[in-house]
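For reference, the structure discussed in these notes is given below.
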Amino acid sequence: MTRAASLYRTMRLVRRFEERAIDLVTAGEIVGGIHPYIGQEAVAAGVCAALRRTDVITSTHRGHGHVLAKGADPGRMMAELAGRTTGLNRGRGGSMHAADLSLGILGANGIVGAGGAIAVGAAWAARRSGSDRVAVSFFGDGALNQGVLLEAFNLARLWSLPVVFVCENNGYATTLPVDASTAGAVLGRAAGFALPAVRVDGMDAEAVLDAAADAVRRARSGGGPAFLECVTYRFRGHHTNEAGKAATYRTEEEIAGWRARDPLLVQGARLPADVRAGLDAEVEEAVAAAVAYALAGPVPLAADALDHLYADGLVPRGKVVA
Amino acid sequence: MTRAASLYRTMRLVRRFEERAIDLVTAGEIVGGIHPYIGQEAVAAGVCAALRRTDVITSTHRGHGHVLAKGADPGRMMAELAGRTTGLNRGRGGSMHAADLSLGILGANGIVGAGGAIAVGAAWAARRSGSDRVAVSFFGDGALNQGVLLEAFNLARLWSLPVVFVCENNGYATTLPVDASTAGAVLGRAAGFALPAVRVDGMDAEAVLDAAADAVRRARSGGGPAFLECVTYRFRGHHTNEAGKAATYRTEEEIAGWRARDPLLVQGARLPADVRAGLDAEVEEAVAAAVAYALAGPVPLAADALDHLYADGLVPRGKVVA
Amino acid sequence: MAGVALSYLRALNRALGDEMDRDPAVCLFGEDVGLGVSGLTGGLQRRFGADRVVDMPLSEQAFTSMATGAALCGQRPVVEFQIPSLLFLTLEQIANQAHKFSLMTGGQCSVPVTYVVPGSGSRAGWAGQHSDHPYGMFAHLGIKTVVPSSAVDAYGLLVSAIRDPDPVVVFAPAGVMATRDVQTAPLRPVPLGVGRVRREGTDVTVVAIGHLVPAALEVAGRLAAEASIEVFDPRTLHPFDWAGLRASLERTGRLVVVDDSNRSCGIGAEVLATVAEEMTLRAPPKRVTRPDGAVLPYAAVLDRAVQPDADDLEAAVRAVLK
Amino acid sequence: MAGVALSYLRALNRALGDEMDRDPAVCLFGEDVGLGVSGLTGGLQRRFGADRVVDMPLSEQAFTSMATGAALCGQRPVVEFQIPSLLFLTLEQIANQAHKFSLMTGGQCSVPVTYVVPGSGSRAGWAGQHSDHPYGMFAHLGIKTVVPSSAVDAYGLLVSAIRDPDPVVVFAPAGVMATRDVQTAPLRPVPLGVGRVRREGTDVTVVAIGHLVPAALEVAGRLAAEASIEVFDPRTLHPFDWAGLRASLERTGRLVVVDDSNRSCGIGAEVLATVAEEMTLRAPPKRVTRPDGAVLPYAAVLDRAVQPDADDLEAAVRAVLK
Ligand SMILES: Cc1ncc(C[n+]2csc(CCOP(=O)(O)OP(=O)(O)O)c2C)c(N)n1
Ligand SMILES: Cc1ncc(C[n+]2csc(CCOP(=O)(O)OP(=O)(O)O)c2C)c(N)n1
Ligand SMILES: [Mg+2]
Ligand SMILES: [Mg+2]
């Protein structure tokens with residue numbers, strides 16, 4: 001597959017996966033809802049296309065795109081969202097904690113800004129063990145105000161670790177516009193930690209991939225960390241539970257303006273129509289299979305609720321001690 | 001008193017206060033030791049000379065200089081270090097928590113970087129209540145890597161609050177040189193949060209006062225926060241308990257080089273010899289009186305150990321419930 | 001007064017509004033509080049202005065200490081946390097700063113800040129990092145801790161928390177947020193530290209916390225033919241109403257605690273321990289809790305399996321009665 | 001083997017060195033670890049290099065999660081915290097991240113990190129923010145928690161903590177750091193979760209934690225003519241050696257717990273609660289603890305007054321024997 005086609009396919013997969021996941025939220029098959037990534041697909045697709053299987057990522061509450069783009073199996077991912085034992089995490093993690101360690105996916109994370117320092121640790125471990133693995137940490141604009149992430153910027157730069165910090169600036173942290181949360185410019189913040197930083201059109205997967213490839217190449221060859229600001233937008237509410245509420249923090253015009261730059265349109269336009277149609281069909285099938293796989297998976301047994309609480313098999317005292 | 005004389009007097013007071021405090025540590029009258037400020041006096045003296053009584057400060061583990069320069073009574077301060085009921089905090093706080101709320105001294109603090117956000121809150125409260133009070137937060141170079149302080153930088157700038165952040169860069173966080181802790185330049189870090197920042201010779205009280213006066217004036221008149229990097233040096237160990245240990249992280253030459261620029265020499269040289277001698281004598285007397293006052297104060301009663309634990313007088317259950 | 005249905009969430013919202021009306025020092029900090037995403041703060045920014053109901057960047061540590069600083073300067077902030085685990089993130093700021101100011105300054109000041117978590121404990125499908133119930137941790141650390149179980153109490157306890165001169169943490173369990181009370185009298189403050197017998201009985205006292213009070217009432221109803229169950233709602237976990245509990249146990253002589261937090265060192269442990277030391281029972285007591293060190297798994301069946309419920313309680317009551 | 005004097009601090013240092021020798025994945029993070037300011041890490045950087053014994057900037061949150069990331073990628077970090085309250089600062093990273101990875105990923109990974117606090121509890125004169133003893137909090141949250149009371153145990157338990165696949169917190173109480181053991185056998189790992197009867201007796205079991213084990217032995221000696229006191233040192237607070245305690249209580253039928261942490265919801269509460277539920281006593285048990293919500297005041301007499309000591313324990317033992 002060409003690079004252009006491959007990027008499109010990844011984005012299409014993420015998009016359709018999420019659309020179906022939202023259906024399953026509505027249907028009550030996914031409990032608790034999800035944070036839809038729709039609109040931001042170019043970031044995950046572009047960045048992960050620059051990575052190797054052995055590279056690691058840390059993701060966010062809005063993590064489906066990253067996890068899928070890094071190669072997670074859509075069926076096992078959907079099964080995870082549906083809380084089945086066939087899920088990536090055997091149904092123990094759900095949307096906000098989906099992980100596949102075998103693919104270097106150290107997990108989505110429910111706490112904003114938490115992944116950065118974990119990625120720094122992974123990069124440090126890579127260096128220590130003589131591997132040329134690179135660590136990528138995804139986070140939103142809101143995370144730029146979280147202390148632990150800022151601390152992580154410093155550590156990465158201090159020791160020139162192979163980490164790429166990817167800020168998905170979608171303009172809002174829940175309802176708060178980035179201008180109302182972040183003094184100074186996003187790139188300026190990175191510069192404050194002496195991180196080489198670039199801003200890239202986060203609706204254009206090719207642009208993202210180019211920038212990410214640069215950063216990853218430098219990191220892999222010992223050139224130290226980098227910071228990418230990907231300017232993007234989420235088309236949906238912050239979380240599926242926003243759907244019902246009057247979301248007064250964004251105008252219809254603003255949303256429409258960004259939708260006109262849908263990353264799938266941008267990338268799709270770069271492909272011959274038949275190639276695109278072929279990929280669409282293929283993805284449709286893959287996602288349908290993923291949903292079927294997910295719903296066919298067994299629900300866990302209540303008796304197993306504390307499996308894996310401790311890695312040494314320690315069984316803690318239960319709810320009621322008889 | 002001239003401005004020059006007044007700065008000298010403050011520094012001399014801090015210096016002699018601490019030298020006597022170290023004697024009392026050796027004598028066992030001050031338990032737990034102190035973090036000596038000796039060498040850094042120009043920073044506290046210069047900054048606090050730019051403040052009004054109603055302005056507030058937050059200080060650090062190395063806080064004696066700030067607290068005295070902001071106007072705390074040396075006798076009650078020494079009594080606090082000696083753990084007497086006549087101390088600023090009735091002997092409940094000690095060196096790392098000395099406070100005098102009536103003078104806007106919100107306290108020394110045992111946790112590095114903790115004061116910044118407290119100062120932001122004070123500044124926010126000042127603005128809300130229509131006061132033109134300014135808040136100053138002192139901290140060391142090491143604190144620049146503490147998340148909560150970085151978060152505080154952002155909040156102050158975001159809302160243009162009247163806060164002046166004073167970084168006392170004495171080159172080390174305990175044993176760690178600033179170059180080994182902080183990626184990029186100190187001023188660059190401030191710039192990352194769009195804070196107007198200047199670097200000033202922290203061994204020269206007049207230079208510090210000039211820079212602080214500018215920053216405070218701007219903050220007071222609604223011009224928002226500022227960041228001052230005061231380049232300074234501590235002449236002693238990190239803590240009095242370092243004295244006995246081989247302090248291999250600094251060379252004798254380095255220490256001697258900085259001692260040649262002792263802020264008391266720098267400022268003393270600006271005064272006629274008789275003025276200086278007069279101030280020295282006056283301070284000597286004041287510090288002697290402070291020590292006498294301190295040692296004459298009563299030791300608290302064990303039965304009162306939990307006084308003030310709760311402001312509403314709630315008396316918690318004690319050690320053993322009979 | 002005719003009975004009016006009052007929802008728990010609306011009661012909290014009214015308490016905030018009434019206190020802001022009454023006392024101009026009361027202000028509100030939190031994420032997305034302007035739009036009132038959690039429902040807690042709906043309408044308040046419109047009513048009181050954006051500089052009193054302040055939308056915060058994702059800087060929980062800084063804004064928690066900002067509240068401390070503002071409180072030291074005359075304000076009376078209420079801080080909303082969207083997730084219970086944000087209390088872990090800000091524990092330094094609450095337990096090591098805010099809580100300690102009063103004693104450490106020798107009573108010079110107090111820190112009247114209220115921290116509210118609307119939706120503590122498990123919200124189905126939010127998984128491991130969003131589902132903790134660490135109220136016992138705050139009781140251990142000595143921070144005043146409140147867990148209202150009904151709308152009327154939620155109003156009255158939040159009002160008292162806001163008026164209290166010390167830091168207070170208010171947990172509003174997700175399991176009870178949607179409930180309604182029939183309000184038959186004007187809403188009034190409920191003093192901290194005073195429990196409430198929610199149902200009288202003579203055979204066994206069930207101490208129930210938060211959303212488990214309704215569960216306890218249900219079990220009391222279920223078992224009414226077999227046993228007379230008294231349901232004691234302590235309402236405040238620190239300070240705890242030991243006198244109220246003693247009076248109840250003098251009537252019943254048997255004890256079960258049902259508590260939706262981890263077993264070891266939880267509030268259930270404290271109740272059993274104090275009773276063992278100071279009171280007399282006719283039969284060994286029981287706790288119904290989450291297991292030791294529980295992490296809530298995502299899948300709904302597992303999430304439920306880890307939380308204590310009415311059936312678990314029923315079994316424990318039966319065992320104690322045997 | 002002839003008896004050799006081994007200090008507690010030296011035992012910890014040897015455990016670190018031995019484990020680093022044995023397992024190349026073991027590495028060490030902390031502030032001033034290179035020079036070994038606390039004594040814990042002395043000589044290790046010289047022996048193992050600065051990229052394995054890493055001097056950290058003042059970024060506890062980031063380096064704690066960095067340890068998590070490194071652990072997920074094959075390393076086995078030991079993190080030193082200079083002050084017990086740094087555990088508050090990093091609670092999010094320990095309790096909400098490291099602790100939860102194993103369960104939330106469905107057992108895909110574990111996080112073998114050891115956190116060590118050399119000098120927990122009160123160090124005379126360090127006052128409120130440096131004197132906490134929050135081990136019960138970690139038992140509540142389910143993190144494996146170890147409090148060695150002697151040099152030989154300190155060695156053996158730290159070794160086991162490092163080899164354990166889960167996060168483990170090791171408290172080394174200031175009150176016991178300077179003690180020495182006479183070492184009569186080769187040092188060996190001590191399994192987590194197994195207590196030790198330090199003195200046999202038949203009238204009352206004293207469960208003592210950390211530095212209070214020597215105090216309990218002292219009291220047992222003092223009262224030897226009047227009563228036969230068994231001293232049980234659980235060594236690990238989570239998991240707790242319930243079987244060992246049960247066996248002891250079957251011998252004695254009476255219980256006192258002496259625990260240098262806050263009373264409410266502390267480990268003392270857990271012991272009394274579990275005993276009340278599952279075991280049988282001849283007399284009501286007692287706890288000797290810090291008061292509820294204690295903040296340690298600075299003055300030496302107050303600091304001591306708040307901590308449980310041998311005299312308090314003696315009184316409690318007498319009361320239980322009455
Ligand atoms: C530390 C923390 N604070 C608050 C929350 C609740 N929360 C979840 S997502 C979110 C907004 C995050 O904004 P951003 O980082 O820009 O990511 P986006 O949602 O836009 O992808 C908030 C406040 C959280 N999960 N973690
Ligand atoms: C958050 C935190 N981490 C660690 C410590 C232990 N500690 C006390 S002072 C200090 C070094 C502080 O360095 P810096 O900020 O440069 O101030 P300086 O001591 O040089 O005045 C450390 C590590 C602490 N008190 N708080
Ligand atoms: Mg965003
Ligand atoms: Mg310094």
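Scheme for the structure tokens: letters A, B, ... for chains in order shown; per-chain residue numbers from 1; ligand numbers from 1 in order shown.
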
For Ala316 (chain C), please output as a PDB file with N, CA, C and O atoms, in the first residue's frame all residues within 12 Å (counting only C-alpha atoms; exclusion window: fewer than 3 positions along the same chain).
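What ended up in part_16.pdb:
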```
ATOM      1  N   LYS A 319     -14.736  -8.870  50.030  1.00  0.00           N
ATOM      2  CA  LYS A 319     -15.706  -7.910  50.538  1.00  0.00           C
ATOM      3  C   LYS A 319     -16.133  -8.210  51.956  1.00  0.00           C
ATOM      4  O   LYS A 319     -16.152  -7.350  52.813  1.00  0.00           O
ATOM      5  N   VAL A 320     -16.566  -9.436  52.167  1.00  0.00           N
ATOM      6  CA  VAL A 320     -17.012  -9.824  53.491  1.00  0.00           C
ATOM      7  C   VAL A 320     -16.160 -11.019  53.875  1.00  0.00           C
ATOM      8  O   VAL A 320     -16.015 -11.952  53.096  1.00  0.00           O
ATOM      9  N   VAL A 321     -15.561 -10.961  55.026  1.00  0.00           N
ATOM     10  CA  VAL A 321     -14.803 -12.126  55.462  1.00  0.00           C
ATOM     11  C   VAL A 321     -15.741 -12.961  56.318  1.00  0.00           C
ATOM     12  O   VAL A 321     -16.281 -12.475  57.316  1.00  0.00           O
ATOM     13  N   ALA A 322     -15.958 -14.165  55.908  1.00  0.00           N
ATOM     14  CA  ALA A 322     -16.992 -14.983  56.544  1.00  0.00           C
ATOM     15  C   ALA A 322     -16.599 -15.340  57.977  1.00  0.00           C
ATOM     16  O   ALA A 322     -15.448 -15.269  58.355  1.00  0.00           O
TER      17      ALA A 322
ATOM     18  N   VAL C 204     -29.839  -4.822  65.869  1.00  0.00           N
ATOM     19  CA  VAL C 204     -28.512  -4.627  65.291  1.00  0.00           C
ATOM     20  C   VAL C 204     -28.427  -3.203  64.743  1.00  0.00           C
ATOM     21  O   VAL C 204     -29.406  -2.673  64.196  1.00  0.00           O
ATOM     22  N   THR C 205     -27.264  -2.601  64.924  1.00  0.00           N
ATOM     23  CA  THR C 205     -27.007  -1.280  64.347  1.00  0.00           C
ATOM     24  C   THR C 205     -26.220  -1.467  63.064  1.00  0.00           C
ATOM     25  O   THR C 205     -25.156  -2.094  63.078  1.00  0.00           O
ATOM     26  N   VAL C 206     -26.751  -0.939  61.970  1.00  0.00           N
ATOM     27  CA  VAL C 206     -25.984  -0.902  60.732  1.00  0.00           C
ATOM     28  C   VAL C 206     -25.468   0.519  60.558  1.00  0.00           C
ATOM     29  O   VAL C 206     -26.256   1.457  60.428  1.00  0.00           O
ATOM     30  N   ALA C 216     -28.935   0.251  53.168  1.00  0.00           N
ATOM     31  CA  ALA C 216     -29.165  -0.259  54.528  1.00  0.00           C
ATOM     32  C   ALA C 216     -30.646  -0.162  54.888  1.00  0.00           C
ATOM     33  O   ALA C 216     -31.212  -1.077  55.512  1.00  0.00           O
ATOM     34  N   VAL C 219     -32.392  -3.000  53.251  1.00  0.00           N
ATOM     35  CA  VAL C 219     -32.186  -4.276  53.947  1.00  0.00           C
ATOM     36  C   VAL C 219     -33.000  -4.304  55.249  1.00  0.00           C
ATOM     37  O   VAL C 219     -33.599  -5.332  55.607  1.00  0.00           O
ATOM     38  N   ARG C 254     -25.404  -5.011  68.697  1.00  0.00           N
ATOM     39  CA  ARG C 254     -24.790  -5.701  67.556  1.00  0.00           C
ATOM     40  C   ARG C 254     -24.447  -4.671  66.487  1.00  0.00           C
ATOM     41  O   ARG C 254     -25.126  -3.656  66.353  1.00  0.00           O
ATOM     42  N   LEU C 255     -23.429  -5.000  65.689  1.00  0.00           N
ATOM     43  CA  LEU C 255     -22.895  -3.978  64.767  1.00  0.00           C
ATOM     44  C   LEU C 255     -22.478  -4.566  63.427  1.00  0.00           C
ATOM     45  O   LEU C 255     -21.747  -5.558  63.364  1.00  0.00           O
ATOM     46  N   VAL C 256     -22.955  -3.913  62.379  1.00  0.00           N
ATOM     47  CA  VAL C 256     -22.422  -4.153  61.032  1.00  0.00           C
ATOM     48  C   VAL C 256     -22.121  -2.790  60.426  1.00  0.00           C
ATOM     49  O   VAL C 256     -22.924  -1.858  60.552  1.00  0.00           O
ATOM     50  N   VAL C 257     -20.969  -2.668  59.786  1.00  0.00           N
ATOM     51  CA  VAL C 257     -20.646  -1.426  59.066  1.00  0.00           C
ATOM     52  C   VAL C 257     -20.630  -1.729  57.578  1.00  0.00           C
ATOM     53  O   VAL C 257     -20.011  -2.711  57.158  1.00  0.00           O
ATOM     54  N   VAL C 258     -21.296  -0.915  56.823  1.00  0.00           N
ATOM     55  CA  VAL C 258     -21.261  -1.088  55.369  1.00  0.00           C
ATOM     56  C   VAL C 258     -20.671   0.180  54.762  1.00  0.00           C
ATOM     57  O   VAL C 258     -21.152   1.283  54.973  1.00  0.00           O
ATOM     58  N   PRO C 284     -19.878 -10.741  67.747  1.00  0.00           N
ATOM     59  CA  PRO C 284     -18.807 -10.119  66.958  1.00  0.00           C
ATOM     60  C   PRO C 284     -19.396  -9.271  65.825  1.00  0.00           C
ATOM     61  O   PRO C 284     -20.383  -9.678  65.188  1.00  0.00           O
ATOM     62  N   PRO C 285     -18.786  -8.135  65.585  1.00  0.00           N
ATOM     63  CA  PRO C 285     -19.276  -7.236  64.540  1.00  0.00           C
ATOM     64  C   PRO C 285     -18.794  -7.680  63.169  1.00  0.00           C
ATOM     65  O   PRO C 285     -17.946  -8.566  63.059  1.00  0.00           O
ATOM     66  N   LYS C 286     -19.303  -7.024  62.143  1.00  0.00           N
ATOM     67  CA  LYS C 286     -18.862  -7.317  60.773  1.00  0.00           C
ATOM     68  C   LYS C 286     -18.750  -6.040  59.956  1.00  0.00           C
ATOM     69  O   LYS C 286     -19.490  -5.088  60.170  1.00  0.00           O
ATOM     70  N   ARG C 287     -17.820  -6.103  59.030  1.00  0.00           N
ATOM     71  CA  ARG C 287     -17.730  -5.046  58.018  1.00  0.00           C
ATOM     72  C   ARG C 287     -18.140  -5.592  56.668  1.00  0.00           C
ATOM     73  O   ARG C 287     -17.798  -6.739  56.341  1.00  0.00           O
ATOM     74  N   VAL C 288     -18.790  -4.762  55.886  1.00  0.00           N
ATOM     75  CA  VAL C 288     -19.047  -5.064  54.482  1.00  0.00           C
ATOM     76  C   VAL C 288     -18.406  -3.921  53.706  1.00  0.00           C
ATOM     77  O   VAL C 288     -18.828  -2.769  53.838  1.00  0.00           O
ATOM     78  N   THR C 289     -17.386  -4.247  52.949  1.00  0.00           N
ATOM     79  CA  THR C 289     -16.584  -3.206  52.308  1.00  0.00           C
ATOM     80  C   THR C 289     -16.158  -3.658  50.918  1.00  0.00           C
ATOM     81  O   THR C 289     -16.466  -4.766  50.497  1.00  0.00           O
ATOM     82  N   PRO C 308     -19.655  -3.221  47.760  1.00  0.00           N
ATOM     83  CA  PRO C 308     -20.630  -3.831  48.672  1.00  0.00           C
ATOM     84  C   PRO C 308     -22.046  -3.410  48.266  1.00  0.00           C
ATOM     85  O   PRO C 308     -22.254  -2.280  47.813  1.00  0.00           O
ATOM     86  N   ASP C 309     -22.994  -4.306  48.425  1.00  0.00           N
ATOM     87  CA  ASP C 309     -24.370  -3.963  48.073  1.00  0.00           C
ATOM     88  C   ASP C 309     -25.331  -4.511  49.123  1.00  0.00           C
ATOM     89  O   ASP C 309     -24.917  -5.082  50.146  1.00  0.00           O
ATOM     90  N   ALA C 310     -26.614  -4.330  48.850  1.00  0.00           N
ATOM     91  CA  ALA C 310     -27.636  -4.713  49.830  1.00  0.00           C
ATOM     92  C   ALA C 310     -27.583  -6.207  50.139  1.00  0.00           C
ATOM     93  O   ALA C 310     -27.765  -6.608  51.296  1.00  0.00           O
ATOM     94  N   ASP C 311     -27.299  -7.014  49.140  1.00  0.00           N
ATOM     95  CA  ASP C 311     -27.267  -8.456  49.406  1.00  0.00           C
ATOM     96  C   ASP C 311     -26.109  -8.829  50.332  1.00  0.00           C
ATOM     97  O   ASP C 311     -26.266  -9.649  51.241  1.00  0.00           O
ATOM     98  N   ASP C 312     -24.968  -8.230  50.076  1.00  0.00           N
ATOM     99  CA  ASP C 312     -23.834  -8.477  50.971  1.00  0.00           C
ATOM    100  C   ASP C 312     -24.192  -8.054  52.393  1.00  0.00           C
ATOM    101  O   ASP C 312     -23.866  -8.736  53.369  1.00  0.00           O
ATOM    102  N   LEU C 313     -24.829  -6.913  52.473  1.00  0.00           N
ATOM    103  CA  LEU C 313     -25.185  -6.406  53.799  1.00  0.00           C
ATOM    104  C   LEU C 313     -26.172  -7.345  54.485  1.00  0.00           C
ATOM    105  O   LEU C 313     -26.039  -7.650  55.674  1.00  0.00           O
ATOM    106  N   ALA C 319     -25.595 -12.937  59.621  1.00  0.00           N
ATOM    107  CA  ALA C 319     -24.501 -13.615  60.320  1.00  0.00           C
ATOM    108  C   ALA C 319     -24.338 -13.045  61.726  1.00  0.00           C
ATOM    109  O   ALA C 319     -24.109 -13.790  62.687  1.00  0.00           O
ATOM    110  N   VAL C 320     -24.462 -11.753  61.849  1.00  0.00           N
ATOM    111  CA  VAL C 320     -24.290 -11.123  63.155  1.00  0.00           C
ATOM    112  C   VAL C 320     -25.429 -11.485  64.106  1.00  0.00           C
ATOM    113  O   VAL C 320     -25.252 -11.558  65.323  1.00  0.00           O
ATOM    114  N   LEU C 321     -26.592 -11.711  63.505  1.00  0.00           N
ATOM    115  CA  LEU C 321     -27.761 -12.049  64.338  1.00  0.00           C
ATOM    116  C   LEU C 321     -27.737 -13.506  64.782  1.00  0.00           C
ATOM    117  O   LEU C 321     -28.461 -13.884  65.699  1.00  0.00           O
ATOM    118  N   LYS C 322     -26.955 -14.312  64.112  1.00  0.00           N
ATOM    119  CA  LYS C 322     -26.957 -15.750  64.420  1.00  0.00           C
ATOM    120  C   LYS C 322     -26.400 -16.027  65.806  1.00  0.00           C
ATOM    121  O   LYS C 322     -25.440 -15.438  66.224  1.00  0.00           O
TER     122      LYS C 322
ATOM    123  N   GLU D 277     -13.744  -9.096  64.382  1.00  0.00           N
ATOM    124  CA  GLU D 277     -14.567  -9.905  63.488  1.00  0.00           C
ATOM    125  C   GLU D 277     -14.267 -11.389  63.595  1.00  0.00           C
ATOM    126  O   GLU D 277     -15.172 -12.215  63.530  1.00  0.00           O
TER     127      GLU D 277
END
```

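Residues of protein, DNA or RNA lying at most 6 Å from ligand 4, when only C-alpha atoms and all ligand atoms are considered, are Gly140, Asp141, Gly142, Asn169, Asn170, Gly171, Tyr172 and Ala173 of chain B.
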
Tell me, which residues of region 18-224 of chain A carry DSSP strand (DSSP E or B), written as a tab-separated table (two decimals) with N, CA and C atoms, in the first residue's frame?
```tsv
chain	number	residue	atom	x	y	z
A	56	VAL	N	7.28	2.67	21.72
A	56	VAL	CA	6.17	2.66	22.67
A	56	VAL	C	5.41	3.98	22.64
A	57	ILE	N	4.14	3.90	23.00
A	57	ILE	CA	3.34	5.12	23.12
A	57	ILE	C	2.61	5.11	24.47
A	58	THR	N	2.35	6.33	24.97
A	58	THR	CA	1.38	6.48	26.05
A	58	THR	C	0.26	7.35	25.50
A	100	ASP	N	-1.93	-2.52	24.89
A	100	ASP	CA	-1.40	-3.77	24.36
A	100	ASP	C	0.11	-3.69	24.48
A	105	ILE	N	2.07	-0.42	23.40
A	105	ILE	CA	0.99	0.51	23.80
A	105	ILE	C	0.88	0.43	25.32
A	135	ALA	N	9.99	6.60	22.41
A	135	ALA	CA	8.71	6.67	23.14
A	135	ALA	C	7.96	7.92	22.69
A	136	VAL	N	6.68	7.75	22.43
A	136	VAL	CA	5.83	8.88	22.05
A	136	VAL	C	4.75	9.05	23.11
A	137	SER	N	4.56	10.29	23.54
A	137	SER	CA	3.47	10.56	24.48
A	137	SER	C	2.48	11.51	23.84
A	138	PHE	N	1.25	11.05	23.74
A	138	PHE	CA	0.16	11.89	23.24
A	138	PHE	C	-0.52	12.59	24.42
A	139	PHE	N	-0.93	13.81	24.23
A	139	PHE	CA	-1.73	14.51	25.25
A	139	PHE	C	-2.42	15.70	24.60
A	140	GLY	N	-3.39	16.24	25.30
A	140	GLY	CA	-4.17	17.37	24.76
A	140	GLY	C	-3.60	18.71	25.18
A	163	VAL	N	12.24	10.77	23.35
A	163	VAL	CA	10.80	10.92	23.57
A	163	VAL	C	10.28	11.96	22.60
A	164	VAL	N	9.15	11.69	22.02
A	164	VAL	CA	8.46	12.71	21.23
A	164	VAL	C	7.14	13.03	21.92
A	165	PHE	N	7.00	14.27	22.30
A	165	PHE	CA	5.77	14.74	22.95
A	165	PHE	C	4.83	15.26	21.87
A	166	VAL	N	3.67	14.67	21.78
A	166	VAL	CA	2.71	15.07	20.76
A	166	VAL	C	1.51	15.73	21.42
A	167	CYS	N	1.44	17.03	21.27
A	167	CYS	CA	0.31	17.78	21.83
A	167	CYS	C	-0.78	17.89	20.78
A	168	GLU	N	-1.91	17.28	21.07
A	168	GLU	CA	-3.06	17.42	20.16
A	168	GLU	C	-3.86	18.61	20.63
A	169	ASN	N	-3.60	19.74	20.01
A	169	ASN	CA	-4.31	20.96	20.38
A	169	ASN	C	-5.63	21.02	19.63
A	172	TYR	N	-9.73	22.92	22.99
A	172	TYR	CA	-10.52	22.90	24.22
A	172	TYR	C	-10.06	21.80	25.17
A	173	ALA	N	-10.17	22.10	26.44
A	173	ALA	CA	-10.09	21.08	27.48
A	173	ALA	C	-11.51	21.00	28.03
A	176	LEU	N	-13.20	24.35	28.20
A	176	LEU	CA	-12.33	25.52	28.36
A	176	LEU	C	-11.45	25.74	27.12
A	177	PRO	N	-11.62	26.90	26.47
A	177	PRO	CA	-10.79	27.17	25.29
A	177	PRO	C	-9.32	27.29	25.67
A	197	ALA	N	10.59	22.33	18.97
A	197	ALA	CA	9.15	22.21	18.82
A	197	ALA	C	8.69	22.73	17.47
A	198	VAL	N	7.75	22.00	16.88
A	198	VAL	CA	7.15	22.50	15.64
A	198	VAL	C	5.64	22.38	15.72
A	199	ARG	N	5.00	23.22	14.94
A	199	ARG	CA	3.55	23.25	14.86
A	199	ARG	C	3.18	22.67	13.51
A	200	VAL	N	2.18	21.83	13.51
A	200	VAL	CA	1.84	21.19	12.25
A	200	VAL	C	0.32	21.12	12.12
A	201	ASP	N	-0.13	21.10	10.88
A	201	ASP	CA	-1.56	21.01	10.61
A	201	ASP	C	-2.04	19.62	10.99
```

Open item on the list: With 9 Å as the limit and counting only C-alpha atoms, what residues in chain C lie close to chain A? Please list them as an MDAnalysis selection string.
Closed with: chainID C and resid 31:32 34:35 37 55:62 85:86 123:130 262:264 286:308 312:313 316 319

- [ ] Check every residue of chain A for an atom within 10 Å of chain B, counting only C-alpha atoms, and provide those that qualify as a PyMOL selection string.
- [x] chain A and resi 144-160+179-195

TODO: Apply DSSP to the backbone of this structure and, from region 79-248 of chain D, keep only the residues in helix (DSSP H, G or I); write these as number ranges by chain.
DONE: D: 86-89, 91-104, 128-130, 135-141, 151-163, 174-177, 212-222, 242-248

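Compared by their closest atoms to chain D, and using only C-alpha atoms, the residues C:Pro173, C:Gly244, C:Pro134, C:Pro112 rank with C:Pro134 nearest.
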
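Taking only C-alpha atoms into account, Asn96 (chain C) lies nearest to C:Leu141 out of the set C:Val79, C:Ala5, C:Ala315, C:Leu141.
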
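Of the listed residues D:Tyr155, D:Phe171, D:Phe101, D:Phe232, the one whose atoms come nearest to chain C is D:Phe101, with distances taken using only C-alpha atoms.
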